[in-house]
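S.K.: Have a look at this one before I ask anything.
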Amino acid sequence: MSFGGEGEDAMRYWLMKSEPDVFSIQDLERKGREPWDGVRNYQARNFMRDDMRPGDGVLFYHSNAKPPGVAGLARVCSEAYPDPTAWDPKSPYYDPRSTPERPVWVMVDVEHVRTFPRLITREELAAAPALASMMVLRRGMRLSIQPVTQREFEEVCALVGS
DNA sequence: GCCAACGTTGGC
DNA sequence: GCCAACGTTGGC
């Protein structure tokens, strides 16, 4: 941990994957705000729990789609808190190891910011030199919540207008 | 639908 | 603690 150094309070940027058949940017736009439940990967959980702050920028990525790509922008609008779907036996995200007393899984709330007028496809991202080291483009990268740099975030936004 | 890459599980 | 087997992710 740093000691109040520069960057401690800086806004961070993320990419969050969602399968549009399950929950799309249009769904988020309609609802305005949504709890990002169902994350069952420790690395992704730790990002939410330890590093996400309200106000952080989010690239909303449509995965498992034809084609995949960034569909719009969202914003983190809560701190991490326990994911109740983990202790609901009827939920597809049920995990009996998690209890209200000792939650294993957490989520944040995310609010809609902008639906892009067109999808910025994975192909386009891959063709942008400034995005060469973007995590989501790495082969075999399955992590559903990924940090992105401010530069990458802004570059994706810039692609919308081009 | 295929399958490579990855994370998790569980036997030992 | 190792690692093979398995289930899942997700691009293609």
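Ordered as shown in the structure tokens, chains take letters A, B, and onward, while each chain numbers its residues from 1 and ligands are numbered from 1 in the order shown.
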Please return, as a VMD selection string, all residues of chain A lying within 9 Å of chain C when only C-alpha atoms (C1' of nucleotides) are considered.

M.R.: chain A and resid 63 to 65 68 139 to 143

S.K.: Can you tell me, as a list in words, what residues are no more than 12 Å from Arg102 in chain A when counting only C-alpha atoms (C1' of nucleotides), ignoring any on the same chain fewer than 3 positions away?

M.R.: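 After dropping sequence-adjacent residues, the list is Tyr81, Pro82, Asp83, Pro84, Ala86, Trp87, Asp95, Pro96, Arg97, Ser98, Thr99, Trp105 and Val106 of chain A.
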
S.K.: How about saving the chosen residues, N, CA, C and O atoms kept, as an mmCIF file, in the first residue's frame?

M.R.:
```
data_model
loop_
_atom_site.group_PDB
_atom_site.id
_atom_site.type_symbol
_atom_site.label_atom_id
_atom_site.label_comp_id
_atom_site.auth_asym_id
_atom_site.auth_seq_id
_atom_site.Cartn_x
_atom_site.Cartn_y
_atom_site.Cartn_z
ATOM 1 N N TYR A 81 -19.607 -4.966 -2.261
ATOM 2 C CA TYR A 81 -20.407 -5.479 -1.145
ATOM 3 C C TYR A 81 -20.805 -6.912 -1.474
ATOM 4 O O TYR A 81 -20.699 -7.344 -2.629
ATOM 5 N N PRO A 82 -21.240 -7.684 -0.471
ATOM 6 C CA PRO A 82 -21.477 -9.113 -0.703
ATOM 7 C C PRO A 82 -22.483 -9.391 -1.822
ATOM 8 O O PRO A 82 -23.495 -8.686 -1.957
ATOM 9 N N ASP A 83 -22.200 -10.411 -2.600
ATOM 10 C CA ASP A 83 -23.069 -10.831 -3.692
ATOM 11 C C ASP A 83 -24.070 -11.865 -3.162
ATOM 12 O O ASP A 83 -23.706 -13.008 -2.896
ATOM 13 N N PRO A 84 -25.330 -11.480 -3.012
ATOM 14 C CA PRO A 84 -26.311 -12.374 -2.392
ATOM 15 C C PRO A 84 -26.685 -13.567 -3.268
ATOM 16 O O PRO A 84 -27.236 -14.545 -2.763
ATOM 17 N N ALA A 86 -24.793 -15.668 -4.282
ATOM 18 C CA ALA A 86 -23.938 -16.788 -3.864
ATOM 19 C C ALA A 86 -24.628 -17.662 -2.824
ATOM 20 O O ALA A 86 -24.330 -18.845 -2.718
ATOM 21 N N TRP A 87 -25.534 -17.087 -2.028
ATOM 22 C CA TRP A 87 -26.205 -17.918 -1.024
ATOM 23 C C TRP A 87 -27.666 -18.182 -1.358
ATOM 24 O O TRP A 87 -28.464 -18.541 -0.509
ATOM 25 N N ASP A 95 -23.102 -20.580 -4.499
ATOM 26 C CA ASP A 95 -21.866 -21.175 -3.990
ATOM 27 C C ASP A 95 -22.012 -21.354 -2.485
ATOM 28 O O ASP A 95 -21.927 -20.386 -1.731
ATOM 29 N N PRO A 96 -22.249 -22.593 -2.062
ATOM 30 C CA PRO A 96 -22.553 -22.849 -0.647
ATOM 31 C C PRO A 96 -21.420 -22.473 0.304
ATOM 32 O O PRO A 96 -21.630 -22.405 1.511
ATOM 33 N N ARG A 97 -20.239 -22.232 -0.215
ATOM 34 C CA ARG A 97 -19.146 -21.807 0.675
ATOM 35 C C ARG A 97 -19.348 -20.386 1.174
ATOM 36 O O ARG A 97 -18.727 -19.958 2.148
ATOM 37 N N SER A 98 -20.190 -19.627 0.444
ATOM 38 C CA SER A 98 -20.422 -18.239 0.823
ATOM 39 C C SER A 98 -21.693 -18.133 1.650
ATOM 40 O O SER A 98 -22.724 -18.704 1.286
ATOM 41 N N THR A 99 -21.615 -17.445 2.769
ATOM 42 C CA THR A 99 -22.790 -17.243 3.628
ATOM 43 C C THR A 99 -22.917 -15.765 3.951
ATOM 44 O O THR A 99 -21.944 -15.018 3.815
ATOM 45 N N TRP A 105 -17.999 -13.965 -2.054
ATOM 46 C CA TRP A 105 -18.046 -13.224 -3.320
ATOM 47 C C TRP A 105 -18.671 -11.843 -3.134
ATOM 48 O O TRP A 105 -19.596 -11.685 -2.340
ATOM 49 N N VAL A 106 -18.125 -10.897 -3.866
ATOM 50 C CA VAL A 106 -18.641 -9.530 -3.783
ATOM 51 C C VAL A 106 -18.998 -9.020 -5.171
ATOM 52 O O VAL A 106 -18.679 -9.650 -6.186
#
```

S.K.: Mind checking DSSP for range 28-97 of chain A and telling me the strand (DSSP E or B) residues as a list in words?

M.R.: Arg33, Glu34, Pro35, Gly57, Val58, Leu59, Phe60, Tyr61, His62, Gly69, Val70, Ala71, Gly72, Leu73, Ala74, Arg75, Val76, Tyr81 and Pro82 of chain A

S.K.: Find the residues around Ala80 in chain A up to 10 Å (only C-alpha atoms (C1' of nucleotides) counted), leave out those fewer than 2 positions away in its own chain, and share them as JSON, numbers by chain.

M.R.: {"A": [35, 36, 45, 46, 47, 48, 49, 50, 51, 52, 53, 54, 76, 77, 78, 82, 83, 105, 106, 107, 108, 109]}

S.K.: Apply DSSP to the backbone of this structure and, from range 25-140 of chain A, keep only the residues in helix (DSSP H, G or I); write these as a VMD selection string.

M.R.: chain A and resid 25 to 31 42 to 51 84 to 87 122 to 127 129 to 131 135 to 137

S.K.: Would you mind exporting C-alpha atoms of the selected residues as a compact mmCIF listing (two decimals), in the first residue's frame?

M.R.:
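This went into part-v3.txt:
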```
# COMPACT_ATOMS: atom_id res chain seq x y z
CA ILE A 25 -25.27 -2.43 -22.75
CA GLN A 26 -28.86 -1.87 -23.91
CA ASP A 27 -30.09 -3.69 -20.83
CA LEU A 28 -27.89 -1.48 -18.68
CA GLU A 29 -29.14 1.64 -20.45
CA ARG A 30 -32.74 0.61 -19.84
CA LYS A 31 -32.13 -0.12 -16.18
CA TYR A 42 -10.84 -14.65 -7.33
CA GLN A 43 -8.75 -12.28 -9.38
CA ALA A 44 -11.82 -10.48 -10.69
CA ARG A 45 -13.29 -10.40 -7.20
CA ASN A 46 -10.12 -8.89 -5.80
CA PHE A 47 -10.17 -6.13 -8.39
CA MET A 48 -13.69 -5.22 -7.29
CA ARG A 49 -12.96 -5.54 -3.61
CA ASP A 50 -9.55 -3.89 -3.47
CA ASP A 51 -9.15 -1.56 -6.38
CA PRO A 84 -26.31 -12.37 -2.39
CA THR A 85 -26.72 -14.67 -5.40
CA ALA A 86 -23.94 -16.79 -3.86
CA TRP A 87 -26.20 -17.92 -1.02
CA ARG A 122 -12.42 -6.66 -31.21
CA GLU A 123 -10.98 -6.62 -34.70
CA GLU A 124 -10.83 -2.82 -34.59
CA LEU A 125 -9.24 -2.85 -31.17
CA ALA A 126 -6.63 -5.29 -32.38
CA ALA A 127 -5.83 -3.05 -35.33
CA PRO A 129 -1.45 0.43 -32.44
CA ALA A 130 -2.17 2.27 -29.17
CA LEU A 131 -4.05 -0.77 -27.89
CA MET A 135 -5.23 -7.17 -21.82
CA VAL A 136 -8.47 -8.29 -23.43
CA LEU A 137 -6.69 -8.83 -26.73
```

S.K.: Excluding Gly57 in chain A and any residue of its chain fewer than 4 positions from it, enumerate the residues within 12 Å of it, using only C-alpha atoms (C1' of nucleotides), and give them as a PyMOL selection string.

M.R.: chain A and resi 10-16+52-53+72-77+110-114+146-150+152-154+157

S.K.: Just the number, please: distance in Å from CA of Ser24 in chain A to CA of Gly69 in chain A, one decimal.

M.R.: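 A separation of 11.6 Å between them.
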